[in-house]
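Inspection log for the structure reproduced underneath, given as structure tokens.
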Amino acid sequence: MRRTVVLSVLVPVGVLALTVLAWHLYVTIGDVETFILPAPDLVIRTLWNDWSTLGPALWVTLKLTFSALALAVVGGVALAVLMAQSRWIELALYPYAVILQVTPVVALAPIVVTRIPDTQTALLVLAFVVAFFPILTNTAQGLKSVDHNLRDLFQLHGAGRLQRLWYLEAPSALPYFLTGLRIAGGIALIAAVVAEFAAGSSGAGSGLAFRLFEAQYRLNSPRVFAALLLLAATGVAIFAATSLVSAWALRHWHESAVPRDR
Amino acid sequence: MRLADVGKTYANGVLALDGVSLAVASGEFVSLLGPSGCGKSTILRLVAGLSPPSAGTVELGATPGEADALRREISFVFQEPTLMPWATVAANVLMPLRVRRVPRREAEDRVAEALALVGLDGFAKSYPRELSGGMKMRVSIARALVIRPRLLLLDEPFAALDEITRFRLNDDLVRLWRQFGWTVLFVTHSVFESVYLSSRVLVMSPRPGRVVQDIAVPDAARNEAWRMGPEYNALCREVSLALHAAMGDRA
């Protein structure tokens with residue numbers, strides 16, 4: 001048991017170390033130009049030295065991502081609950097959710113940015129539009145996936161609409177919602193980055209994507225990679241956090257979160 | 001409780017029941033016995049008010065007022081335990097009381113009482129996935145008993161269990177029925193189970209279902225001795241023959 005735990009940490013860490021080493025050797029032995037591929041130690045040093053630029057940029061992007069995600073959770077769940085109440089509401093609203101989803105955010109961004117005077121609000125709208133769809137569809141699916149016999153039982157005992165929603169449909173939909181949340185967490189970050197790129201915002205309140213773009217224009221490759229590293233780390237952290245929330249919320253009962261006895 | 005000339009056709013055109021008439025007196029334990037697909041479960045759903053009849057009438061109690069009161073005192077047990085996997089045993093049993101807005105203190109006492117009746121005291125905080133099939137069924141029965149029902153509808157509740165567990169749950173069910181005097185409508189496709197449990201066995205024909213035989217079972221003590229005795233065996237034989245006759249050439 002202990003051995004498995006130790007190995008499950010050692011294996012990924014070891015592979016990571018080997019990858020970084022290979023990268024380092026490739027750059028030094030191959031004498032690769034810094035603007036093509038900076039050495040790993042240079043990227044880390046740039047991260048440290050440029051923190052006064054990158055840190056605030058990271059903060060801007062994080063705020064944008066989490067605001068969009070929070071709005072997506074509220075909006076997606078509210079719309080899913082609304083659509084679960086009546087097939088007519090679902091038929092009336094679902095097409096618009098799909099249209100918003102299939103329209104590429106890159107195409108949408110210039111339109112939204114030029115219509116909304118405040119850039120950060122425009123970016124928030126764009127990231128929200130992308131992030132809310134997986135939460136909506138997964139939650140809506142979950143609300144519909146209630147065991148039919150349990151539904152009958154609630155009807156037999158005279159449960160009202162709110163009681164059914166709270167005691168039956170919401171817990172049934174929870175695993176589906178959490179799947180939606182995990183997907184939405186990842187793409188909220190992607191959407192925030194894409195929206196920043198597409199909007200081309202500048203000056204105060206610029207996020208990581210803008211700094212990355214800016215560094216690329218100046219051929220400041222180490223900073224490009226440092227920004228990239230920060231984005232990747234943020235993505236991994238969001239995924240890990242949403243996975244942990246999911247495992248914790250389902251720990252007592254759902255097959256996905258319960259260890260298998262052997 | 002009476003069904004008069006009841007028919008049921010499903011939306012897909014399947015005629016499940018045709019001209020079913022039956023009456024169950026207060027305090028009776030009546031089994032519906034028939035081949036699968038004969039509409040036994042449909043009868044339970046009609047009685048529970050979960051689906052409306054296509055023809056005929058379903059009456060509960062003597063007056064319309066009594067029918068409404070009685071509707072609130074029906075419990076249903078399905079073939080599967082049908083528990084909420086996210087809720088503890090206690091929370092599952094509590095559900096019908098919670099929906100009825102029974103005060104918390106009283107509700108908790110009644111949950112404990114219901115769990116004790118089915119021999120599950122000490123499992124209140126367990127989750128359904130931690131229980132065996134028989135124990136899950138006991139939880140399902142406790143949930144049905146917690147409202148102190150007057151009418152208990154059981155849809156092949158023990159069909160998926162092993163024989164040893166089934167015998168024990170049969171004995172418990174008969175004991176509780178004698179103690180509380182519910183009216184029970186029990187759907188099964190086991191001849192032996194129906195005779196052992198019931199005060200009356202109604203034999204049904206294949207689809208479209210109809211009640212073709214009504215066999216009364218004398219009020220004897222239900223125990224291992226009776227199960228081994230001549231009366232039980234003669235009744236099982238009689239019910240089996242009636243079932244074969246009902247199946248006609250298809251048996």
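Within each chain, counting starts at residue 1; across the structure tokens, chains are named A, B, ... in the order shown, with ligands numbered 1 upward in that order.
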
- From the DSSP assignment of the backbone, select every residue of range 28-250 of chain A that is helix (DSSP H, G or I), and format the answer as an NGL selection string. :A and (28-29 or 40-49 or 51-85 or 87-102 or 105-115 or 119-144 or 148-156 or 161-199 or 208-217 or 221-249)

- Message: Residues within 9 Å of Leu115 in chain B, please, as a PyMOL selection string. Count only C-alpha atoms; anything in the same chain fewer than 3 positions from it doesn't count.
- Response: chain B and resi 89-90+93+110-112+118-124+138-139+142-143+146

If you keep all heavy atoms, can you produce a file of those selected residues as a compact mmCIF listing (two decimals), in the first residue's frame?
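selection.txt written:
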```
# COMPACT_ATOMS: atom_id res chain seq x y z
N VAL B 89 -29.26 5.25 5.18
CA VAL B 89 -30.44 4.43 5.42
C VAL B 89 -31.52 5.25 6.11
O VAL B 89 -32.69 5.27 5.69
CB VAL B 89 -30.05 3.19 6.26
CG1 VAL B 89 -31.28 2.51 6.83
CG2 VAL B 89 -29.24 2.22 5.41
N ALA B 90 -31.15 5.96 7.18
CA ALA B 90 -32.12 6.74 7.94
C ALA B 90 -32.76 7.81 7.05
O ALA B 90 -33.98 8.01 7.09
CB ALA B 90 -31.45 7.39 9.15
N VAL B 93 -35.33 6.28 4.73
CA VAL B 93 -36.59 5.93 5.39
C VAL B 93 -37.35 7.19 5.79
O VAL B 93 -38.58 7.22 5.81
CB VAL B 93 -36.30 5.04 6.62
CG1 VAL B 93 -37.58 4.71 7.37
CG2 VAL B 93 -35.62 3.75 6.18
N ARG B 110 -40.04 7.83 14.47
CA ARG B 110 -40.73 6.86 13.63
C ARG B 110 -39.77 6.13 12.70
O ARG B 110 -39.96 4.95 12.38
CB ARG B 110 -41.84 7.55 12.84
CG ARG B 110 -43.05 7.77 13.74
CD ARG B 110 -44.06 8.68 13.12
NE ARG B 110 -44.69 8.09 11.94
CZ ARG B 110 -45.68 8.68 11.27
NH1 ARG B 110 -46.14 9.84 11.69
NH2 ARG B 110 -46.19 8.11 10.22
N VAL B 111 -38.70 6.82 12.27
CA VAL B 111 -37.68 6.15 11.44
C VAL B 111 -37.00 5.05 12.25
O VAL B 111 -36.84 3.92 11.78
CB VAL B 111 -36.65 7.18 10.92
CG1 VAL B 111 -35.44 6.47 10.35
CG2 VAL B 111 -37.28 8.08 9.88
N ALA B 112 -36.64 5.38 13.50
CA ALA B 112 -35.98 4.39 14.37
C ALA B 112 -36.91 3.19 14.58
O ALA B 112 -36.47 2.03 14.52
CB ALA B 112 -35.62 5.04 15.70
N VAL B 118 -37.87 -3.89 10.90
CA VAL B 118 -37.29 -4.74 9.86
C VAL B 118 -35.91 -5.26 10.27
O VAL B 118 -35.19 -5.83 9.45
CB VAL B 118 -37.18 -4.00 8.51
CG1 VAL B 118 -38.56 -3.59 8.02
CG2 VAL B 118 -36.28 -2.78 8.64
N GLY B 119 -35.55 -5.05 11.55
CA GLY B 119 -34.30 -5.61 12.06
C GLY B 119 -33.06 -4.90 11.57
O GLY B 119 -32.02 -5.52 11.37
N LEU B 120 -33.16 -3.60 11.37
CA LEU B 120 -31.99 -2.87 10.86
C LEU B 120 -31.52 -1.80 11.84
O LEU B 120 -30.86 -0.83 11.43
CB LEU B 120 -32.32 -2.21 9.52
CG LEU B 120 -32.23 -3.09 8.28
CD1 LEU B 120 -32.54 -2.28 7.03
CD2 LEU B 120 -30.86 -3.72 8.13
N ASP B 121 -31.87 -1.92 13.12
CA ASP B 121 -31.34 -0.93 14.05
C ASP B 121 -29.82 -1.06 14.05
O ASP B 121 -29.28 -2.16 13.96
CB ASP B 121 -31.88 -1.07 15.49
CG ASP B 121 -32.67 -2.33 15.70
OD1 ASP B 121 -32.48 -3.27 14.91
OD2 ASP B 121 -33.44 -2.41 16.66
N GLY B 122 -29.14 0.05 14.10
CA GLY B 122 -27.69 0.02 14.03
C GLY B 122 -27.14 0.29 12.64
O GLY B 122 -25.95 0.48 12.47
N PHE B 123 -28.04 0.32 11.63
CA PHE B 123 -27.57 0.59 10.27
C PHE B 123 -28.03 1.95 9.76
O PHE B 123 -27.89 2.26 8.58
CB PHE B 123 -28.07 -0.50 9.31
CG PHE B 123 -27.36 -1.81 9.51
CD1 PHE B 123 -27.89 -2.78 10.34
CD2 PHE B 123 -26.16 -2.05 8.87
CE1 PHE B 123 -27.23 -3.99 10.53
CE2 PHE B 123 -25.49 -3.25 9.05
CZ PHE B 123 -26.03 -4.22 9.89
N ALA B 124 -28.56 2.78 10.68
CA ALA B 124 -29.17 4.05 10.27
C ALA B 124 -28.20 4.91 9.48
O ALA B 124 -28.58 5.58 8.52
CB ALA B 124 -29.68 4.80 11.50
N ARG B 138 -34.92 -4.60 3.01
CA ARG B 138 -35.48 -4.27 4.32
C ARG B 138 -35.60 -2.75 4.50
O ARG B 138 -36.57 -2.27 5.07
CB ARG B 138 -34.59 -4.83 5.43
CG ARG B 138 -34.71 -6.34 5.58
CD ARG B 138 -33.73 -6.86 6.62
NE ARG B 138 -33.72 -8.31 6.61
CZ ARG B 138 -34.57 -9.04 7.35
NH1 ARG B 138 -35.43 -8.45 8.12
NH2 ARG B 138 -34.53 -10.36 7.27
N VAL B 139 -34.60 -2.02 4.00
CA VAL B 139 -34.68 -0.56 4.07
C VAL B 139 -35.90 -0.08 3.29
O VAL B 139 -36.67 0.78 3.73
CB VAL B 139 -33.40 0.10 3.51
CG1 VAL B 139 -33.54 1.62 3.53
CG2 VAL B 139 -32.18 -0.34 4.28
N ALA B 142 -38.89 -0.74 5.30
CA ALA B 142 -38.98 0.21 6.41
C ALA B 142 -39.50 1.55 5.92
O ALA B 142 -40.32 2.19 6.57
CB ALA B 142 -37.61 0.39 7.06
N ARG B 143 -39.06 1.97 4.73
CA ARG B 143 -39.53 3.24 4.17
C ARG B 143 -41.03 3.18 3.89
O ARG B 143 -41.74 4.17 4.01
CB ARG B 143 -38.76 3.54 2.88
CG ARG B 143 -39.22 4.82 2.21
CD ARG B 143 -38.42 5.12 0.97
NE ARG B 143 -38.49 4.02 0.02
CZ ARG B 143 -37.71 3.89 -1.04
NH1 ARG B 143 -36.78 4.80 -1.27
NH2 ARG B 143 -37.83 2.87 -1.85
N VAL B 146 -42.93 3.38 7.40
CA VAL B 146 -42.72 4.53 8.26
C VAL B 146 -43.92 5.48 8.25
O VAL B 146 -44.16 6.20 9.22
CB VAL B 146 -41.42 5.27 7.86
CG1 VAL B 146 -41.62 6.15 6.64
CG2 VAL B 146 -40.87 6.08 9.01
```

- What are the residues of chain B that have an atom within 8 Å of an atom of chain A, counting only C-alpha atoms, as a PyMOL selection string? chain B and resi 48-50+72+74-76+78+82-86+96+99-100+127+129

- Spatial neighbours of Val236 in chain A, 12 Å, only C-alpha atoms, chain gap at least 6 places, as a list in words: Arg182, Gly185, Gly186, Ile187, Leu189, Leu229, Leu230, Thr242 and Ser243 of chain A

For the residues selected in the previous step, produce a file with C-alpha atoms as a compact mmCIF listing (two decimals), in the first residue's frame.
```txt
# COMPACT_ATOMS: atom_id res chain seq x y z
CA ARG A 182 -14.58 20.04 -14.44
CA GLY A 185 -13.10 24.98 -15.32
CA GLY A 186 -10.64 24.04 -18.04
CA ILE A 187 -12.34 25.83 -20.87
CA LEU A 189 -9.31 29.49 -18.67
CA LEU A 229 4.23 27.89 -17.83
CA LEU A 230 2.00 30.00 -15.60
CA THR A 242 -12.49 20.74 -9.46
CA SER A 243 -11.57 17.04 -9.36
```

Extract, using only C-alpha atoms, all DNA, RNA and protein residues at most 8 Å from Thr61 in chain A, discarding same-chain residues fewer than 2 positions from it, and format them as a PDB file with all heavy atoms, in the first residue's frame.
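Writing the result to part-v9.pdb gives the following:
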```pdb
ATOM      1  N   ALA A  57      -0.476  40.183 -14.076  1.00  0.00           N
ATOM      2  CA  ALA A  57      -1.173  39.655 -15.252  1.00  0.00           C
ATOM      3  C   ALA A  57      -1.872  38.347 -14.920  1.00  0.00           C
ATOM      4  O   ALA A  57      -3.017  38.104 -15.329  1.00  0.00           O
ATOM      5  CB  ALA A  57      -0.177  39.445 -16.397  1.00  0.00           C
ATOM      6  N   LEU A  58      -1.172  37.499 -14.140  1.00  0.00           N
ATOM      7  CA  LEU A  58      -1.776  36.234 -13.714  1.00  0.00           C
ATOM      8  C   LEU A  58      -3.035  36.511 -12.892  1.00  0.00           C
ATOM      9  O   LEU A  58      -4.072  35.878 -13.077  1.00  0.00           O
ATOM     10  CB  LEU A  58      -0.770  35.420 -12.885  1.00  0.00           C
ATOM     11  CG  LEU A  58      -1.320  34.156 -12.231  1.00  0.00           C
ATOM     12  CD1 LEU A  58      -1.721  33.129 -13.282  1.00  0.00           C
ATOM     13  CD2 LEU A  58      -0.310  33.533 -11.273  1.00  0.00           C
ATOM     14  N   TRP A  59      -2.931  37.478 -11.999  1.00  0.00           N
ATOM     15  CA  TRP A  59      -4.059  37.825 -11.142  1.00  0.00           C
ATOM     16  C   TRP A  59      -5.273  38.255 -11.976  1.00  0.00           C
ATOM     17  O   TRP A  59      -6.404  37.831 -11.723  1.00  0.00           O
ATOM     18  CB  TRP A  59      -3.626  38.922 -10.152  1.00  0.00           C
ATOM     19  CG  TRP A  59      -4.703  39.391  -9.233  1.00  0.00           C
ATOM     20  CD1 TRP A  59      -5.131  40.661  -9.073  1.00  0.00           C
ATOM     21  CD2 TRP A  59      -5.472  38.591  -8.333  1.00  0.00           C
ATOM     22  NE1 TRP A  59      -6.132  40.712  -8.147  1.00  0.00           N
ATOM     23  CE2 TRP A  59      -6.370  39.445  -7.675  1.00  0.00           C
ATOM     24  CE3 TRP A  59      -5.498  37.219  -8.052  1.00  0.00           C
ATOM     25  CZ2 TRP A  59      -7.287  38.993  -6.726  1.00  0.00           C
ATOM     26  CZ3 TRP A  59      -6.417  36.754  -7.109  1.00  0.00           C
ATOM     27  CH2 TRP A  59      -7.290  37.634  -6.452  1.00  0.00           C
ATOM     28  N   LYS A  63      -8.770  36.231 -12.027  1.00  0.00           N
ATOM     29  CA  LYS A  63     -10.037  36.885 -11.680  1.00  0.00           C
ATOM     30  C   LYS A  63     -11.059  36.667 -12.781  1.00  0.00           C
ATOM     31  O   LYS A  63     -12.212  36.319 -12.528  1.00  0.00           O
ATOM     32  CB  LYS A  63      -9.802  38.403 -11.471  1.00  0.00           C
ATOM     33  CG  LYS A  63      -9.573  38.775 -10.025  1.00  0.00           C
ATOM     34  CD  LYS A  63      -9.770  40.279  -9.806  1.00  0.00           C
ATOM     35  CE  LYS A  63      -8.876  41.102 -10.714  1.00  0.00           C
ATOM     36  NZ  LYS A  63      -8.774  42.505 -10.343  1.00  0.00           N
ATOM     37  N   LEU A  64     -10.594  36.860 -14.020  1.00  0.00           N
ATOM     38  CA  LEU A  64     -11.484  36.702 -15.177  1.00  0.00           C
ATOM     39  C   LEU A  64     -12.011  35.264 -15.248  1.00  0.00           C
ATOM     40  O   LEU A  64     -13.213  35.031 -15.388  1.00  0.00           O
ATOM     41  CB  LEU A  64     -10.711  37.061 -16.447  1.00  0.00           C
ATOM     42  CG  LEU A  64     -11.453  36.918 -17.774  1.00  0.00           C
ATOM     43  CD1 LEU A  64     -12.725  37.750 -17.756  1.00  0.00           C
ATOM     44  CD2 LEU A  64     -10.547  37.352 -18.927  1.00  0.00           C
ATOM     45  N   THR A  65     -11.083  34.289 -15.117  1.00  0.00           N
ATOM     46  CA  THR A  65     -11.474  32.889 -15.232  1.00  0.00           C
ATOM     47  C   THR A  65     -12.489  32.505 -14.156  1.00  0.00           C
ATOM     48  O   THR A  65     -13.525  31.902 -14.447  1.00  0.00           O
ATOM     49  CB  THR A  65     -10.235  31.985 -15.107  1.00  0.00           C
ATOM     50  OG1 THR A  65      -9.292  32.367 -16.099  1.00  0.00           O
ATOM     51  CG2 THR A  65     -10.603  30.528 -15.283  1.00  0.00           C
ATOM     52  N   LEU A 189     -10.654  28.921 -18.540  1.00  0.00           N
ATOM     53  CA  LEU A 189      -9.308  29.489 -18.668  1.00  0.00           C
ATOM     54  C   LEU A 189      -8.957  29.686 -20.141  1.00  0.00           C
ATOM     55  O   LEU A 189      -8.461  30.746 -20.546  1.00  0.00           O
ATOM     56  CB  LEU A 189      -8.292  28.566 -17.991  1.00  0.00           C
ATOM     57  CG  LEU A 189      -6.836  29.013 -18.094  1.00  0.00           C
ATOM     58  CD1 LEU A 189      -6.620  30.316 -17.349  1.00  0.00           C
ATOM     59  CD2 LEU A 189      -5.895  27.936 -17.557  1.00  0.00           C
ATOM     60  N   ALA A 192     -10.854  32.553 -21.461  1.00  0.00           N
ATOM     61  CA  ALA A 192     -10.323  33.832 -20.978  1.00  0.00           C
ATOM     62  C   ALA A 192      -9.105  34.238 -21.802  1.00  0.00           C
ATOM     63  O   ALA A 192      -8.965  35.398 -22.219  1.00  0.00           O
ATOM     64  CB  ALA A 192      -9.959  33.723 -19.498  1.00  0.00           C
ATOM     65  N   VAL A 193      -8.228  33.255 -22.075  1.00  0.00           N
ATOM     66  CA  VAL A 193      -7.020  33.529 -22.857  1.00  0.00           C
ATOM     67  C   VAL A 193      -7.376  33.918 -24.285  1.00  0.00           C
ATOM     68  O   VAL A 193      -6.884  34.920 -24.827  1.00  0.00           O
ATOM     69  CB  VAL A 193      -6.087  32.294 -22.828  1.00  0.00           C
ATOM     70  CG1 VAL A 193      -4.985  32.436 -23.859  1.00  0.00           C
ATOM     71  CG2 VAL A 193      -5.510  32.112 -21.443  1.00  0.00           C
ATOM     72  N   GLY A 207      -4.160  40.904 -18.951  1.00  0.00           N
ATOM     73  CA  GLY A 207      -3.969  39.555 -18.433  1.00  0.00           C
ATOM     74  C   GLY A 207      -2.752  38.874 -19.018  1.00  0.00           C
ATOM     75  O   GLY A 207      -2.003  39.446 -19.805  1.00  0.00           O
ATOM     76  N   LEU A 208      -2.583  37.619 -18.614  1.00  0.00           N
ATOM     77  CA  LEU A 208      -1.428  36.824 -19.039  1.00  0.00           C
ATOM     78  C   LEU A 208      -1.357  36.670 -20.552  1.00  0.00           C
ATOM     79  O   LEU A 208      -0.260  36.715 -21.137  1.00  0.00           O
ATOM     80  CB  LEU A 208      -1.502  35.430 -18.407  1.00  0.00           C
ATOM     81  CG  LEU A 208      -0.708  35.189 -17.139  1.00  0.00           C
ATOM     82  CD1 LEU A 208      -0.840  33.730 -16.747  1.00  0.00           C
ATOM     83  CD2 LEU A 208       0.765  35.545 -17.363  1.00  0.00           C
ATOM     84  N   ALA A 209      -2.503  36.486 -21.173  1.00  0.00           N
ATOM     85  CA  ALA A 209      -2.507  36.254 -22.608  1.00  0.00           C
ATOM     86  C   ALA A 209      -1.937  37.464 -23.336  1.00  0.00           C
ATOM     87  O   ALA A 209      -1.150  37.334 -24.273  1.00  0.00           O
ATOM     88  CB  ALA A 209      -3.925  35.963 -23.091  1.00  0.00           C
TER      89      ALA A 209
END
```

- Task: Figure out the distance between CA of Ala247 in chain A and CA of Leu124 in chain A, please, to one decimal in Å.
- Result: 28.3 Å

- Query: Counting only C-alpha atoms, which of A:Leu219, A:Pro40, A:Thr34, A:Ala127 gets nearest to Thr19 in chain A?
  - Reply: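 Of A:Leu219, A:Pro40, A:Thr34, A:Ala127, the one nearest Thr19 in chain A, counting only C-alpha atoms, is A:Pro40.
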